[in-house]
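J.: The following block contains the structure, expressed as structure tokens.
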Amino acid sequence: CVTLAFVSEGVTAKNRGDSLCAGPSNTAAGAVCCPSADTQPGLGACIFSEEEVSFATASARCRAAGRALCAAPGESMQVYDCNYGNYGEMRVLSWTGSACSVKAQVARTGEVSVVHSPTSDRKHLGLDSNELVRVAWEGGRFPTADTGCATDGGVCSVHGDTCFCSTSVATHAVFTDSQTLPTAAEVLAQLHIGAPPPELFGSGDYSRCTTAPCSSASDVHIFTATAAAGALDKSTIFKVEVHGSAVYLANLKSTVTIGTGLEASDTTFEFRNPPSIMNPLMPTVQDAQHEVDALLAHLAYHPNTAPFYARHLIQRFVSSNPSPSYVLEVATAFTHGEYKGKVYSGKHGDLGAALGAVLLSSEARAAVLDLDPACGTYREPLIKVMHFMRAMGLAPKDDREVELTFLAGAIGMEPYLSETASNFYRVGFQPAGPLGEASLQAPETELLTPVNLLGFLNAMSATIDLGLSGCVSGIGSRAGFGNCGYSARLKGEHRVEAVLTWSPAGNETEAVVEELSVLLTAGRLNRNTKQVIAAAYEETLPTGRDEALHVAMELFLASAEFHVSSRNVLIPVARPPRPDKSGDGGNGYKAIVVLFMEGGSDSFNVLVPYASCMGADLYEEYSRVRGGTSTLAINKNQLDEIDVADGAQPCARFGVHAALSEVTRLYKAGDAAFVANVGPLITPVTKAQYYSKSVELPPSLYSQDQQRRHVQTVDATGTSASGILGRILDSLSTQGQAPYRVGGYSIMQDMSVSSRMLDGTVHHDELDQGPPAWYASKQLAHYIARMLSNRSQSMLAETYGQALTDMLQRSEELGTTWAATPKPAGFGSQSVSLQLEKVARMIKARGDDGRNEREAYFVQVTGFDLHKCVNDCSAFKWLLTKINTALESFVAEMQRQSLWDDVVVISASEFGRTLTPRRHGADRGWGGHYFVLGGSVKGGRIHGQYPSELTDAGAQIVDDGRVIPTTPWEGVWNAVAQWFGVLPQSLDKVLPNRPNFLPNGLIEPYELFDNI
């Protein structure tokens, strides 16, 4: 069933190109027989073409033919008999008489590479293959290069930062007492090697144990070999049931020993011999299929799978924060395929039973839980669109097919268009406000942004007033040239694909509102909201019943009850208005612009060692480690050379990717600097500490979502931390006797979502094509104000209500400012240019926008998640080119506004990528290099510490090419925050982990900036 990675008393098996080491009992090679003098060509001895047999069978066949296994079959090993000499990619091996061994190359992590000796032409079985396998070391101990690879018997030698070790293998029976038999749980815990079902052996080879102890073991069936005479030995097979399926396990434990094997020694090491379904010597398609099946079964039956599905199902259907007992109830139904006496499939993985538990649980049906402040969900925008259209009877017009062409741009969602595997929102998202303060989740509220919410309200208003079309913020189609040239609001005609056909059953106001409440809010409308909508309906009736109905529908769509599933119970506390700006305008003006490269920028191809290096040629090392220019490295002719004058870096000359020519120009002009090897940290980390886990590391390293959170919050220990820009703005707006007037802006493009970097007490604005606005809000403003006048007991309803209040108030303010500010000239039409154009326009409007003194902007460039990008990656170059073009325009505009000295641009990303190639590109890494631009920047320098060695032996290189950061993000923001105006006594609140990096781990403001 399986092949063990390490073998005892190995025998060499060869073909034309390979010399591998196989266990003699494995059916791993063919029989090639030579005369005793070994001077004639070998002859194959097989029953069928390409037959593989054990070493003993091959030896016996050769003896029967008056020959012997070829002891040294020569380099060609060309044997046409039995097709052992075929030229396929994987040629059948043939047994020799030569002994061999399988060695272990032990990495610093304890992971092991299998190395065949004599060496193999197959790189994955050779020295330095980096094909690492996690193994279960006894006691967690293993040899390390730091101790000189010391072992009993001296069986290891130091090889780079690994230990290259000889091994011995011992196999023994695990259960031997035929009177005291193991339980199924004990069998599963201690037996890890599969066995064929006994019936697959020859007749009479195995029999089921029927002794009294065996008969009493109801959950375990035991099969003993006839030759063992009923004894439990290595040939015994145990049968247990796992999730309704029979599993057969061999009564074996195979242990790999490095050292003499003396139990009392601290320098003898052991681990369990790892089994593999794939035969490493001669893998087959069938092996691959079986291994994939085994992996899928492992994932499906993993103990985490059921609660994972359970929690996510509950979050989508009932509550964003289910109780542990609720999760357990659903997970149990998923596992057993039945719920409350009803059998669905009766098998593991039953989504029907799980969904039944989700909807029928008392936690889903108890009305009293609707009053729990933490209960319920914020509904996905797409669900709300479908709900409203179905409830209001949307029907196609003239048999047209309904198309929702502009859906994604309006609501931030569209079927099959999620940009990541994690849906349109992060599963653990915590919004600012009461939910975030309580460390509760509301994943869908990540879509509660001005662009998405006001876009939804505009789209539904257009559908109510005009029917479904692509006109006037509608989400339908604009089929036909000039289709929207005349809209109904302009007294003309337009194409309509579908119309709402619902009409109330009665004419009385109370009946109309009540029917709408049932259809749109499941009858959960609170008294205040119901009174407001009824009043609006009554007051609009003089203009016509249809117009009154439209107003009522729009107010329902704006109500908290439509957007959240919990009850919106109001409390006698007035909702506070959007906070007024602090400060008196006497602090001058500065702005921070964060350019976030989403997906993980391969920044080791942005800043590259070039020449004049101390010691080894670091560019040559860079090129070699990155697999050459045919893989990840880039040629020197694709780099713009820059000088590093202070001698603090391993090279005096570096190269900047030629696509970033504007960054290079600014660097040479003294307006740009780089910060090398930056990444999320909690405390400084050395390579030894990383491997020993002796210091705290950021949670979920190499997870894109978690690394994005760490970078944007600069607080890797705070699961519900606000954003770094948000904390800076909060600090400035409440700063002693001289608070600042501040503003934060997330510049949206396409389906981008709001950045956590700006989350804080100070509410930030979001700009898409311009300031978002709800076109019906002026007509409905006084009704909306009454609906949202009081705060809600429900955390979800309060989060929504406060968000809508802030959005509408700010939308009006921002819209006035935006309209009065001319569009800057000289920007291109690509997404990055359009975003920076909006930044420049808002900066230009700063005097009209409440006299802001400090502003922070977040710009996001997507597309850097380039796992498969090699050979002078054109996609990466194109992304950098777009950034460069946008920066050229932005810098020129800031200089025209005489504000270049007052603006700093900071690039950032979730992580740098791995130095070494992974399949067809670079994988998620850790440390990376970023640029800082601005007229006040002390340019022409590289801050931080670029790694002086890029191979696995380097002091910062771990896990096959990932780089431990030497500068934390706290180090960068320590300088930027103080340049921006944050007082020294406030720094530890803005940067909670800052004290961990004192005194030398931070960049001081005078090091990064000229004018402080």
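Residues in the structure tokens are named by chain (A, B, ... in the order shown) and by number from 1 within that chain; ligands are numbered from 1 in the order shown.
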Please tabulate, as a Markdown table, the residues of range 504-606 of chain A that come within 9 Å of range 975-996 of chain A, each with its closest pair of atoms and the distance in Å to one decimal, counting only C-alpha atoms and ordering rows by chain, then residue number upward.

T.:
```
| residue | atom | partner | partner_atom | distance |
| --- | --- | --- | --- | --- |
| A:Lys590 | CA | A:Phe980 | CA | 6.7 |
| A:Ala591 | CA | A:Phe980 | CA | 7.8 |
| A:Ile592 | CA | A:Phe980 | CA | 8.1 |
```

J.: So that I can check the secondary structure, give me every residue of range 512-651 of chain A assigned helix (DSSP H, G or I) by backbone DSSP, as JSON, numbers by chain.

T.: {"A": [512, 513, 514, 515, 516, 517, 518, 519, 520, 521, 527, 528, 529, 530, 531, 532, 533, 534, 535, 536, 537, 538, 539, 540, 541, 542, 543, 545, 546, 547, 548, 549, 550, 551, 552, 553, 554, 555, 556, 557, 558, 560, 561, 562, 563, 603, 604, 605, 618, 619, 620, 621, 622, 623, 624, 625, 636, 637, 638]}

J.: With distances taken over only C-alpha atoms, which of A:Ser746, A:Thr521, A:Gln707, A:Thr799 is nearest to Gln430 in chain A?

T.: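 Smallest separation from Gln430 in chain A among the options: A:Thr799.
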
J.: Calculate how many Å separate CA of Lys838 in chain A from CA of Ala886 in chain A, rounding to one decimal.

T.: 11.4 Å

J.: In Å, how far is it from CA of Glu662 in chain A to CA of Leu880 in chain A?

T.: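 CA of Leu880 in chain A lies 10.6 Å from CA of Glu662 in chain A.
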
J.: Closest to Glu853 in chain A among A:Asp765, A:Pro739, A:Ser612, A:Thr445, using only C-alpha atoms?

T.: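 Result for the nearest residue to Glu853 in chain A: A:Pro739.
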